[in-house]
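For reference, run.json (JSON, C-alpha atoms):
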[["chain", "number", "residue", "atom", "x", "y", "z"],
["D", 519, "MET", "CA", 101.19, 112.81, 85.94],
["D", 520, "LEU", "CA", 100.75, 115.82, 88.22],
["D", 521, "LEU", "CA", 97.02, 115.19, 88.63],
["D", 522, "ALA", "CA", 97.66, 111.52, 89.48],
["D", 523, "ARG", "CA", 100.35, 112.42, 92.02],
["D", 524, "THR", "CA", 98.04, 114.97, 93.65],
["D", 525, "LEU", "CA", 95.17, 112.48, 93.82],
["D", 526, "ASP", "CA", 97.43, 109.75, 95.23],
["D", 527, "GLU", "CA", 98.69, 112.08, 97.95],
["D", 528, "LYS", "CA", 95.12, 113.03, 98.86],
["D", 529, "PHE", "CA", 94.15, 109.37, 99.16],
["D", 530, "ALA", "CA", 97.20, 108.75, 101.36],
["D", 531, "SER", "CA", 96.14, 111.62, 103.61],
["D", 532, "LEU", "CA", 92.58, 110.29, 103.84],
["D", 533, "TYR", "CA", 93.90, 106.80, 104.63],
["D", 534, "ARG", "CA", 96.03, 108.10, 107.49],
["D", 535, "ALA", "CA", 92.99, 110.01, 108.78],
["D", 536, "GLY", "CA", 90.94, 106.81, 108.85],
["D", 537, "LYS", "CA", 88.61, 107.94, 106.06],
["D", 538, "ILE", "CA", 89.58, 105.14, 103.64],
["D", 539, "HIS", "CA", 89.13, 101.46, 104.46],
["D", 540, "GLY", "CA", 91.36, 98.95, 102.69],
["D", 541, "GLY", "CA", 94.74, 99.63, 101.15],
["D", 542, "VAL", "CA", 96.14, 102.70, 99.45],
["D", 543, "PHE", "CA", 98.90, 102.01, 96.92],
["D", 544, "LEU", "CA", 100.71, 104.98, 95.42],
["D", 545, "GLY", "CA", 102.20, 105.26, 91.95],
["D", 546, "ARG", "CA", 104.95, 107.65, 93.07],
["D", 547, "GLY", "CA", 107.87, 107.20, 90.69],
["D", 548, "GLN", "CA", 105.89, 105.21, 88.10],
["D", 549, "GLU", "CA", 103.66, 107.94, 86.66],
["D", 550, "ALA", "CA", 105.69, 108.43, 83.47],
["D", 551, "LEU", "CA", 105.38, 104.79, 82.48],
["D", 552, "SER", "CA", 101.74, 104.58, 83.51],
["D", 553, "VAL", "CA", 100.59, 107.71, 81.71],
["D", 554, "ALA", "CA", 102.43, 106.61, 78.56],
["D", 555, "VAL", "CA", 100.27, 103.48, 78.46],
["D", 556, "GLY", "CA", 96.99, 105.35, 78.85],
["D", 557, "LEU", "CA", 97.89, 108.07, 76.35],
["D", 558, "ASN", "CA", 98.91, 105.63, 73.61],
["D", 559, "LEU", "CA", 95.65, 103.69, 73.75],
["D", 560, "ARG", "CA", 92.54, 104.93, 72.00],
["D", 561, "LYS", "CA", 88.77, 104.52, 72.17],
["D", 562, "GLY", "CA", 87.91, 100.88, 71.56],
["D", 563, "ASP", "CA", 91.13, 99.55, 73.10],
["D", 564, "VAL", "CA", 91.25, 97.57, 76.35],
["D", 565, "PHE", "CA", 93.18, 98.62, 79.45],
["D", 566, "ALA", "CA", 93.67, 96.58, 82.64],
["D", 567, "PRO", "CA", 95.62, 98.86, 85.00],
["D", 568, "LEU", "CA", 97.49, 97.89, 88.15],
["D", 569, "ILE", "CA", 97.44, 99.26, 91.69],
["D", 570, "ARG", "CA", 100.00, 102.00, 90.84],
["D", 571, "ASP", "CA", 98.40, 103.10, 87.58],
["D", 572, "GLN", "CA", 96.41, 106.16, 88.63],
["D", 573, "ALA", "CA", 98.17, 108.21, 85.95],
["D", 574, "GLY", "CA", 97.32, 105.66, 83.26],
["D", 575, "ARG", "CA", 93.74, 105.40, 84.50],
["D", 576, "LEU", "CA", 93.24, 109.16, 84.19],
["D", 577, "ALA", "CA", 94.90, 109.21, 80.76],
["D", 578, "PHE", "CA", 92.60, 106.40, 79.59],
["D", 579, "GLY", "CA", 89.52, 108.32, 80.69],
["D", 580, "GLU", "CA", 88.78, 107.61, 84.35],
["D", 581, "THR", "CA", 87.38, 110.68, 86.07],
["D", 582, "LEU", "CA", 88.57, 112.03, 89.39],
["D", 583, "LEU", "CA", 85.05, 111.57, 90.71],
["D", 584, "ASP", "CA", 84.99, 107.86, 89.76],
["D", 585, "ALA", "CA", 88.26, 107.33, 91.63],
["D", 586, "ALA", "CA", 87.18, 109.33, 94.68],
["D", 587, "ARG", "CA", 83.79, 107.63, 94.84],
["D", 588, "THR", "CA", 85.38, 104.18, 94.76],
["D", 589, "TYR", "CA", 88.00, 104.90, 97.41],
["D", 590, "LEU", "CA", 85.41, 106.48, 99.69],
["D", 591, "GLY", "CA", 82.78, 103.78, 99.17],
["D", 592, "SER", "CA", 80.13, 105.94, 97.51],
["D", 593, "ALA", "CA", 77.09, 104.04, 96.26],
["D", 594, "LEU", "CA", 77.17, 106.31, 93.19],
["D", 595, "GLY", "CA", 80.61, 105.10, 92.05],
["D", 596, "PRO", "CA", 81.19, 102.76, 89.12],
["D", 597, "MET", "CA", 81.36, 99.72, 91.47],
["D", 598, "ARG", "CA", 78.56, 101.03, 93.73],
["D", 599, "GLY", "CA", 80.75, 100.81, 96.82],
["D", 600, "ARG", "CA", 80.99, 97.04, 96.73],
["D", 601, "ASP", "CA", 84.39, 96.07, 95.30],
["D", 602, "GLY", "CA", 87.09, 97.80, 97.32],
["D", 603, "ASN", "CA", 89.11, 100.74, 96.10],
["D", 604, "VAL", "CA", 91.49, 99.19, 93.56],
["D", 605, "HIS", "CA", 89.00, 96.84, 91.87],
["D", 606, "ARG", "CA", 87.29, 99.49, 89.79],
["D", 607, "GLY", "CA", 86.58, 100.01, 86.13],
["D", 608, "ARG", "CA", 83.97, 100.26, 83.39],
["D", 609, "PRO", "CA", 84.22, 97.01, 81.39],
["D", 610, "ARG", "CA", 81.82, 98.11, 78.64],
["D", 611, "GLU", "CA", 84.23, 100.94, 77.88],
["D", 612, "GLY", "CA", 87.26, 98.65, 77.81],
["D", 613, "TYR", "CA", 88.43, 99.73, 81.26],
["D", 614, "LEU", "CA", 88.79, 96.47, 83.20],
["D", 615, "PRO", "CA", 88.58, 96.25, 87.00],
["D", 616, "MET", "CA", 91.65, 94.66, 88.56],
["D", 617, "ILE", "CA", 91.43, 91.14, 90.00],
["D", 618, "SER", "CA", 95.01, 90.91, 91.27],
["D", 619, "HIS", "CA", 98.33, 92.57, 90.54],
["D", 620, "LEU", "CA", 100.10, 89.19, 90.32],
["D", 621, "GLY", "CA", 99.59, 88.59, 86.60],
["D", 622, "ALA", "CA", 95.90, 87.67, 86.75],
["D", 623, "MET", "CA", 94.79, 90.41, 84.35],
["D", 624, "ILE", "CA", 96.90, 89.21, 81.40],
["D", 625, "ALA", "CA", 94.56, 86.27, 80.80],
["D", 626, "VAL", "CA", 91.51, 88.52, 81.17],
["D", 627, "VAL", "CA", 92.83, 90.87, 78.48],
["D", 628, "ASN", "CA", 93.64, 87.84, 76.31],
["D", 629, "GLY", "CA", 90.04, 86.66, 76.64],
["D", 630, "THR", "CA", 88.70, 90.07, 75.72],
["D", 631, "LEU", "CA", 90.92, 90.24, 72.65],
["D", 632, "LEU", "CA", 89.94, 86.72, 71.57],
["D", 633, "ALA", "CA", 86.25, 87.59, 71.97],
["D", 634, "ARG", "CA", 86.72, 90.60, 69.74],
["D", 635, "ARG", "CA", 88.53, 88.48, 67.17],
["D", 636, "PHE", "CA", 85.61, 86.02, 67.11],
["D", 637, "LYS", "CA", 83.26, 88.98, 66.53],
["D", 638, "GLY", "CA", 85.39, 90.32, 63.69],
["D", 639, "VAL", "CA", 86.52, 93.41, 65.61],
["D", 640, "LEU", "CA", 90.00, 94.25, 64.35],
["D", 641, "ARG", "CA", 92.80, 96.74, 65.07],
["D", 642, "THR", "CA", 92.13, 97.02, 68.78],
["D", 643, "VAL", "CA", 94.86, 96.62, 71.36],
["D", 644, "GLY", "CA", 94.74, 95.29, 74.91],
["D", 645, "ALA", "CA", 97.24, 96.55, 77.47],
["D", 646, "THR", "CA", 97.91, 95.55, 81.04],
["D", 647, "CYS", "CA", 100.59, 96.37, 83.57],
["D", 648, "ILE", "CA", 102.40, 94.21, 86.11],
["D", 649, "GLY", "CA", 105.40, 94.50, 88.38],
["D", 650, "GLU", "CA", 108.53, 92.40, 88.00],
["D", 651, "GLY", "CA", 107.37, 90.18, 90.86],
["D", 652, "ALA", "CA", 104.37, 89.01, 88.82],
["D", 653, "THR", "CA", 106.69, 87.62, 86.14],
["D", 654, "SER", "CA", 107.56, 84.83, 88.60],
["D", 655, "THR", "CA", 103.97, 83.57, 88.77],
["D", 656, "GLY", "CA", 102.24, 80.83, 86.82],
["D", 657, "SER", "CA", 99.57, 83.29, 85.72],
["D", 658, "PHE", "CA", 102.20, 85.29, 83.85],
["D", 659, "HIS", "CA", 103.69, 82.23, 82.11],
["D", 660, "GLU", "CA", 100.39, 80.73, 81.02],
["D", 661, "ALA", "CA", 98.92, 84.00, 79.78],
["D", 662, "ILE", "CA", 101.95, 85.32, 77.88],
["D", 663, "ASN", "CA", 102.37, 81.90, 76.28],
["D", 664, "GLN", "CA", 98.72, 81.91, 75.19],
["D", 665, "ALA", "CA", 98.99, 85.44, 73.81],
["D", 666, "ALA", "CA", 102.07, 84.47, 71.81],
["D", 667, "VAL", "CA", 100.51, 81.30, 70.37],
["D", 668, "GLU", "CA", 97.34, 83.20, 69.39],
["D", 669, "LYS", "CA", 99.33, 86.24, 68.19],
["D", 670, "LEU", "CA", 97.09, 88.53, 70.19],
["D", 671, "PRO", "CA", 97.53, 92.34, 70.06],
["D", 672, "LEU", "CA", 98.59, 92.41, 73.71],
["D", 673, "VAL", "CA", 100.92, 95.03, 75.17],
["D", 674, "LEU", "CA", 102.32, 93.76, 78.46],
["D", 675, "VAL", "CA", 104.00, 96.51, 80.47],
["D", 676, "ILE", "CA", 106.36, 95.42, 83.25],
["D", 677, "ALA", "CA", 107.41, 98.01, 85.81],
["D", 678, "ASN", "CA", 110.64, 96.64, 87.21],
["D", 679, "ASN", "CA", 110.62, 98.77, 90.35],
["D", 680, "GLN", "CA", 113.32, 96.60, 91.97],
["D", 681, "TYR", "CA", 111.18, 95.13, 94.75],
["D", 682, "ALA", "CA", 108.31, 92.62, 94.82],
["D", 683, "TYR", "CA", 106.95, 94.08, 98.03],
["D", 684, "SER", "CA", 110.21, 93.72, 100.01],
["D", 685, "THR", "CA", 111.95, 91.05, 97.90],
["D", 686, "PRO", "CA", 114.78, 92.57, 95.78],
["D", 687, "SER", "CA", 115.12, 91.68, 92.11],
["D", 688, "SER", "CA", 118.30, 89.71, 92.83],
["D", 689, "ARG", "CA", 116.16, 87.19, 94.71],
["D", 690, "GLN", "CA", 113.44, 87.07, 92.05],
["D", 691, "PHE", "CA", 115.15, 86.18, 88.79],
["D", 692, "ALA", "CA", 118.63, 85.35, 87.49],
["D", 693, "CYS", "CA", 118.44, 86.74, 83.95],
["D", 694, "THR", "CA", 120.21, 90.01, 83.21],
["D", 695, "SER", "CA", 117.01, 91.70, 82.09],
["D", 696, "LEU", "CA", 113.38, 90.62, 82.12],
["D", 697, "ALA", "CA", 113.31, 91.58, 78.45],
["D", 698, "ASP", "CA", 115.50, 88.51, 77.84],
["D", 699, "ARG", "CA", 112.52, 86.31, 78.69],
["D", 700, "ALA", "CA", 110.45, 87.60, 75.77],
["D", 701, "SER", "CA", 112.31, 85.62, 73.07],
["D", 702, "GLY", "CA", 111.53, 82.37, 74.87],
["D", 703, "TYR", "CA", 107.84, 83.03, 74.31],
["D", 704, "GLY", "CA", 108.26, 84.36, 70.77],
["D", 705, "VAL", "CA", 107.35, 87.88, 71.87],
["D", 706, "ASP", "CA", 108.87, 91.23, 70.89],
["D", 707, "ALA", "CA", 110.67, 93.03, 73.72],
["D", 708, "HIS", "CA", 111.20, 96.73, 74.38],
["D", 709, "SER", "CA", 113.24, 98.25, 77.19],
["D", 710, "VAL", "CA", 112.90, 101.80, 78.52],
["D", 711, "ASP", "CA", 114.09, 104.10, 81.28],
["D", 712, "GLY", "CA", 110.91, 104.47, 83.32],
["D", 713, "THR", "CA", 112.03, 107.79, 84.80],
["D", 714, "GLU", "CA", 112.00, 109.53, 81.39],
["D", 715, "LEU", "CA", 108.55, 110.56, 80.17],
["D", 716, "ALA", "CA", 109.63, 111.18, 76.55],
["D", 717, "ALA", "CA", 111.27, 107.75, 76.34],
["D", 718, "CYS", "CA", 108.20, 106.04, 77.83],
["D", 719, "LEU", "CA", 105.87, 107.80, 75.38],
["D", 720, "SER", "CA", 108.05, 106.83, 72.43],
["D", 721, "VAL", "CA", 108.56, 103.17, 73.37],
["D", 722, "LEU", "CA", 104.90, 102.61, 74.27],
["D", 723, "ALA", "CA", 103.82, 104.25, 71.01],
["D", 724, "GLU", "CA", 105.99, 101.80, 69.08],
["D", 725, "ALA", "CA", 104.79, 98.79, 71.07],
["D", 726, "VAL", "CA", 101.11, 99.69, 70.72],
["D", 727, "GLU", "CA", 101.46, 100.32, 67.00],
["D", 728, "ARG", "CA", 103.23, 97.01, 66.39],
["D", 729, "ALA", "CA", 100.51, 95.17, 68.28],
["D", 730, "ARG", "CA", 97.82, 97.02, 66.34],
["D", 731, "GLU", "CA", 99.48, 96.18, 63.02],
["D", 732, "GLY", "CA", 99.38, 92.44, 63.72],
["D", 733, "HIS", "CA", 102.90, 91.73, 65.01],
["D", 734, "GLY", "CA", 101.63, 89.86, 68.05],
["D", 735, "PRO", "CA", 102.25, 90.52, 71.75],
["D", 736, "GLN", "CA", 104.70, 93.20, 72.79],
["D", 737, "MET", "CA", 106.52, 93.19, 76.13],
["D", 738, "VAL", "CA", 107.74, 96.51, 77.51],
["D", 739, "VAL", "CA", 110.14, 96.41, 80.46],
["D", 740, "ALA", "CA", 110.75, 99.67, 82.31],
["D", 741, "ARG", "CA", 113.56, 100.25, 84.78],
["D", 742, "LEU", "CA", 112.64, 102.49, 87.72],
["D", 743, "LEU", "CA", 112.28, 102.54, 91.50],
["D", 744, "ARG", "CA", 109.12, 102.63, 93.57],
["D", 745, "LEU", "CA", 109.52, 105.86, 95.56],
["D", 746, "CYS", "CA", 107.27, 104.76, 98.41],
["D", 747, "GLY", "CA", 106.32, 101.66, 100.32],
["D", 748, "HIS", "CA", 104.36, 98.81, 98.83],
["D", 749, "GLY", "CA", 101.33, 100.56, 100.32],
["D", 750, "GLU", "CA", 100.72, 103.30, 102.85],
["D", 751, "HIS", "CA", 101.02, 100.63, 105.55],
["D", 752, "ASP", "CA", 104.67, 99.98, 104.58],
["D", 753, "ASP", "CA", 107.60, 102.32, 105.37],
["D", 754, "ALA", "CA", 109.91, 100.78, 102.71],
["D", 755, "SER", "CA", 112.81, 100.67, 105.19],
["D", 756, "TYR", "CA", 114.20, 97.67, 103.27],
["D", 757, "VAL", "CA", 115.00, 99.73, 100.13],
["D", 758, "ASP", "CA", 118.74, 99.99, 99.51],
["D", 759, "PRO", "CA", 119.81, 103.67, 99.90],
["D", 760, "ARG", "CA", 122.20, 103.18, 96.97],
["D", 761, "LEU", "CA", 119.23, 102.56, 94.71],
["D", 762, "LYS", "CA", 117.59, 105.76, 95.89],
["D", 763, "ALA", "CA", 120.77, 107.68, 95.04],
["D", 764, "SER", "CA", 121.14, 106.03, 91.62],
["D", 765, "PRO", "CA", 119.52, 107.15, 88.33],
["D", 766, "LEU", "CA", 116.76, 104.60, 89.01],
["D", 767, "GLY", "CA", 115.75, 106.65, 92.04],
["D", 768, "ARG", "CA", 114.98, 109.80, 90.09],
["D", 769, "ASP", "CA", 111.44, 111.16, 90.44],
["D", 770, "CYS", "CA", 109.92, 111.00, 86.96],
["D", 771, "LEU", "CA", 107.63, 113.94, 87.75],
["D", 772, "LYS", "CA", 110.57, 116.18, 88.67],
["D", 773, "VAL", "CA", 112.50, 114.98, 85.60],
["D", 774, "ALA", "CA", 109.54, 115.89, 83.37],
["D", 775, "GLU", "CA", 109.21, 119.28, 85.04],
["D", 776, "GLN", "CA", 112.89, 120.08, 84.54],
["D", 777, "ASN", "CA", 112.60, 119.05, 80.90],
["D", 778, "LEU", "CA", 109.69, 121.47, 80.39],
["D", 779, "LEU", "CA", 111.67, 124.27, 82.00],
["D", 780, "SER", "CA", 114.91, 123.57, 80.12],
["D", 781, "ARG", "CA", 113.11, 123.48, 76.76],
["D", 782, "GLN", "CA", 111.13, 126.60, 77.71],
["D", 783, "TRP", "CA", 107.88, 124.80, 77.01],
["D", 784, "ALA", "CA", 106.60, 126.08, 80.37],
["D", 785, "ASP", "CA", 107.83, 128.39, 83.10],
["D", 786, "ALA", "CA", 107.74, 128.06, 86.88],
["D", 787, "VAL", "CA", 104.61, 130.23, 87.17],
["D", 788, "THR", "CA", 102.71, 128.06, 84.69],
["D", 789, "ILE", "CA", 103.72, 124.85, 86.45],
["D", 790, "GLU", "CA", 102.68, 126.25, 89.82],
["D", 791, "GLY", "CA", 99.34, 127.14, 88.24],
["D", 792, "TRP", "CA", 98.94, 123.53, 87.12],
["D", 793, "ARG", "CA", 99.64, 122.38, 90.68],
["D", 794, "CYS", "CA", 96.99, 124.68, 92.13],
["D", 795, "GLU", "CA", 94.50, 123.58, 89.49],
["D", 796, "ALA", "CA", 95.19, 119.90, 90.23],
["D", 797, "VAL", "CA", 94.69, 120.44, 93.97],
["D", 798, "HIS", "CA", 91.41, 122.27, 93.34],
["D", 799, "LYS", "CA", 90.06, 119.52, 91.09],
["D", 800, "VAL", "CA", 91.04, 116.76, 93.51],
["D", 801, "GLU", "CA", 89.58, 118.54, 96.54],
["D", 802, "GLU", "CA", 86.35, 119.14, 94.64],
["D", 803, "ALA", "CA", 85.99, 115.48, 93.64],
["D", 804, "VAL", "CA", 86.76, 114.22, 97.16],
["D", 805, "ALA", "CA", 84.34, 116.70, 98.76],
["D", 806, "THR", "CA", 81.59, 115.53, 96.41],
["D", 807, "ALA", "CA", 82.23, 111.84, 97.17],
["D", 808, "LEU", "CA", 82.31, 112.45, 100.93],
["D", 809, "ARG", "CA", 78.79, 113.93, 100.78],
["D", 810, "GLU", "CA", 77.36, 110.92, 98.95],
["D", 811, "PRO", "CA", 75.67, 107.90, 100.59],
["D", 812, "THR", "CA", 77.40, 104.57, 101.09],
["D", 813, "PRO", "CA", 75.55, 101.31, 100.25],
["D", 814, "ASP", "CA", 72.77, 100.27, 102.60],
["D", 815, "PRO", "CA", 73.51, 96.58, 103.35],
["D", 816, "TYR", "CA", 69.82, 95.93, 104.07],
["D", 817, "LYS", "CA", 68.60, 97.30, 100.75],
["D", 818, "GLU", "CA", 71.49, 96.49, 98.42],
["D", 819, "ASN", "CA", 71.07, 93.69, 95.89],
["D", 820, "TRP", "CA", 74.46, 91.99, 96.25],
["D", 821, "CYS", "CA", 74.33, 89.92, 93.06],
["D", 822, "ALA", "CA", 77.10, 90.49, 90.53],
["D", 823, "LEU", "CA", 76.38, 93.63, 88.53],
["D", 824, "ALA", "CA", 76.84, 91.77, 85.24],
["D", 825, "SER", "CA", 74.17, 89.21, 86.19],
["D", 826, "LYS", "CA", 71.60, 91.65, 87.57],
["D", 827, "HIS", "CA", 69.39, 91.33, 84.50],
["D", 828, "LEU", "CA", 69.28, 87.55, 85.01],
["D", 829, "VAL", "CA", 68.08, 87.93, 88.57],
["D", 830, "GLU", "CA", 65.39, 90.39, 87.52],
["D", 831, "THR", "CA", 64.03, 88.13, 84.76],
["D", 832, "HIS", "CA", 64.70, 84.75, 86.39],
["D", 833, "PRO", "CA", 63.92, 84.98, 90.14],
["D", 834, "GLU", "CA", 65.02, 81.39, 90.69],
["D", 835, "VAL", "CA", 68.62, 82.18, 89.63]]
Write-out of the structure in C-alpha cells:
Amino acid sequence: MLLARTLDEKFASLYRAGKIHGGVFLGRGQEALSVAVGLNLRKGDVFAPLIRDQAGRLAFGETLLDAARTYLGSALGPMRGRDGNVHRGRPREGYLPMISHLGAMIAVVNGTLLARRFKGVLRTVGATCIGEGATSTGSFHEAINQAAVEKLPLVLVIANNQYAYSTPSSRQFACTSLADRASGYGVDAHSVDGTELAACLSVLAEAVERAREGHGPQMVVARLLRLCGHGEHDDASYVDPRLKASPLGRDCLKVAEQNLLSRQWADAVTIEGWRCEAVHKVEEAVATALREPTPDPYKENWCALASKHLVETHPEV
C-alpha cells in the first residue's frame, strides 16, 4: 500500500511537470481493497485491474519499472510505449491490460476463464475491479449474467467510492446496497469496509476461495471514498464535505499504520524506514525509465503485438 501510494504521488508530480502524457488516476483511499485482491490471487490466476489498482498490480507481481516505463512511454516497457499508461499488462502471465474501467474487463476475464475450462485447466480464479458507476452499464449486466450462468470462478470487486466521476451514488442506483443486486443474478455477495485492510484481506480471501472451490462468481462490494479527484485533472470540488468527515473518508493507509502501531507490530522508526525505502525504489525506477528511448514512429512496427508472428510469416496479412 505504501509503495503504491508513493508511486502514485510520483506519477502525479511528473504529470504536473508535463513529463507524462495522458491521464494519471490515483488510488488514494482504495489501496487496502486493491492490495487485498492482488495478495489473495496466486500464480496461474487472472487479474484485470482498474485505473486505481496500483496497489493490487504491485501485489500481483507488476514491477515498479514496468509501471514507470509505461507511464513514461519507454520502448522497453511491457507495451513498448504504444498503449497509453493505464492499458498495461502481461497477458501470458494472467495480468490483463485494461480496455476500459466501465465494466469492459468482466467479459474479458470470463472469456479467459472459459478458455481455461475448455483446456481442462481447473482451480484458477479470475478477478477484476470496477467502480460503482460501472454497475450501471450494459457491459456489467451482460458479463455478470454470463458468469453466473456458466458458474465461472470470477471474483468481481466493486469499489463503491461514492462518485462515478462527479455523479453521486444517490443519482446512480436506488437499491440500499449494490450487494443487493447479486441475488438477482444468482451470485454470492460480500460486503466490506474498504478503509480497513484486515477486513479487506479477510473478505477477499473468502471470496477467492469460494470461487476456487466451484461456488461460482463472487461479488465483493467495498464502501469507501475516493480521496482525490477522478484524475489529476479534476479537483474533486463536488465531493460532499460530510462524506470526507465520515468514516468513509478515512485514509486506509493511515488506518493500517495506526493498527500496526497499536498492536506493536511496528514502531514509528520502522515505518519511516519503509517510507524512505519506498521513495528510493520509486525514484530509481523512474530515473531508469526516463533514460530509456521512446518508440521511433518511423521504425516501429505498429501491428498488434499478439499478431506480430502472423505478419512475419504471412507478409500479405
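The coordinates place atom CA of D:Ala573 at 21.4 Å from atom CA of D:Asp752.
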Atomic distance atom CA of D:Leu559 - atom CA of D:Thr806, expressed in Å with one decimal: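 If I compute the distance from atom CA of D:Leu559 to atom CA of D:Thr806, I get 29.2 Å.
Across the model, the gap from atom CA of D:Val553 to atom CA of D:Ser688 is 27.6 Å.
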Top pick for closest residue to D:Leu715, considering D:Ala550, D:Ala697, D:Ala803, D:Ala729 and counting all atoms listed in the file: D:Ala550
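Using all atoms listed in the file, the smallest distance between any of D:Ser695, D:Gln548, D:Gln690, D:Ser592 and D:Cys770 comes from D:Gln548.
Here the question is which of D:Ala740, D:Leu745, D:Ile569, D:Val555 gets nearest to D:Glu727 using all atoms listed in the file, and that residue is D:Val555.
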Need to verify the contact set: D:Met616, 7 Å, all atoms listed in the file, exclusion of same-chain residues closer than 5 positions in sequence. Can you return it as a tab-separated table (two decimals) with C-alpha atoms, in the coordinates of the input?
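Saved file around28.tsv follows:
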chain	number	residue	atom	x	y	z
D	566	ALA	CA	93.67	96.58	82.64
D	567	PRO	CA	95.62	98.86	85.00
D	568	LEU	CA	97.49	97.89	88.15
D	604	VAL	CA	91.49	99.19	93.56
D	605	HIS	CA	89.00	96.84	91.87
D	606	ARG	CA	87.29	99.49	89.79
D	623	MET	CA	94.79	90.41	84.35
Pick the closest to D:Ser531 from D:Leu766, D:Met519, D:Leu544, D:Ala682: which is it, counting all atoms listed in the file? D:Leu544
Counting all atoms listed in the file, closest pick from D:Gly599, D:Gly651, D:Gly591, D:Gly612 relative to D:Phe578 is D:Gly612
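Shortest atom-to-atom contact with D:Asp526 among D:Glu801, D:Asp758, D:Asp563, D:Asp706: D:Glu801, counting only C-alpha atoms.
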Padding of 5 Å on every side, edges along x, y and z, all listed atoms of stretch 669-686 of chain D included: what centre and edge lengths in Å, to one decimal, does that box have, as AutoDock Vina command-line options?
--center_x 105.9 --center_y 92.5 --center_z 84.1 --size_x 27.7 --size_y 22.5 --size_z 41.8
Non-local contacts of D:Asp769 (9 Å; only C-alpha atoms; under 3 positions in same chain excluded) as a PyMOL selection string: chain D and resi 546-548+713+743+745+766+772-774
Would you mind listing what lies within 12 Å of D:Asn679 as number ranges by chain, with only C-alpha atoms counted and same-chain residues fewer than 4 positions away left out? D: 545-548, 551, 570, 648-652, 683-687, 696, 711-713, 739-748, 757, 761-762, 766-768
Determine, using only C-alpha atoms, which residues of stretch 724-818 of chain D have any atom at most 10 Å from an atom of stretch 657-665 of chain D, and tabulate each with its shortest atom pair and distance in Å to one decimal place, rows ordered by chain and then rising number, as a tab-separated table.
residue	atom	partner	partner_atom	distance
D:Gly734	CA	D:Ala665	CA	7.7
D:Pro735	CA	D:Ala665	CA	6.4
D:Gln736	CA	D:Ala665	CA	9.7
D:Met737	CA	D:Ile662	CA	9.3
Could you write out the selected residues, including C-alpha atoms, as a PDB file, in the frame of the given file?
ATOM      1  CA  GLY D 734     101.630  89.860  68.050  1.00  0.00           C
ATOM      2  CA  PRO D 735     102.250  90.520  71.750  1.00  0.00           C
ATOM      3  CA  GLN D 736     104.700  93.200  72.790  1.00  0.00           C
ATOM      4  CA  MET D 737     106.520  93.190  76.130  1.00  0.00           C
TER       5      MET D 737
END
Can you pull out every residue within 8 Å of D:Leu722, counting all atoms listed in the file, but drop anything in the same chain fewer than 3 positions away, and send it as a PyMOL selection string? chain D and resi 554-555+558+718-719+725-726+738
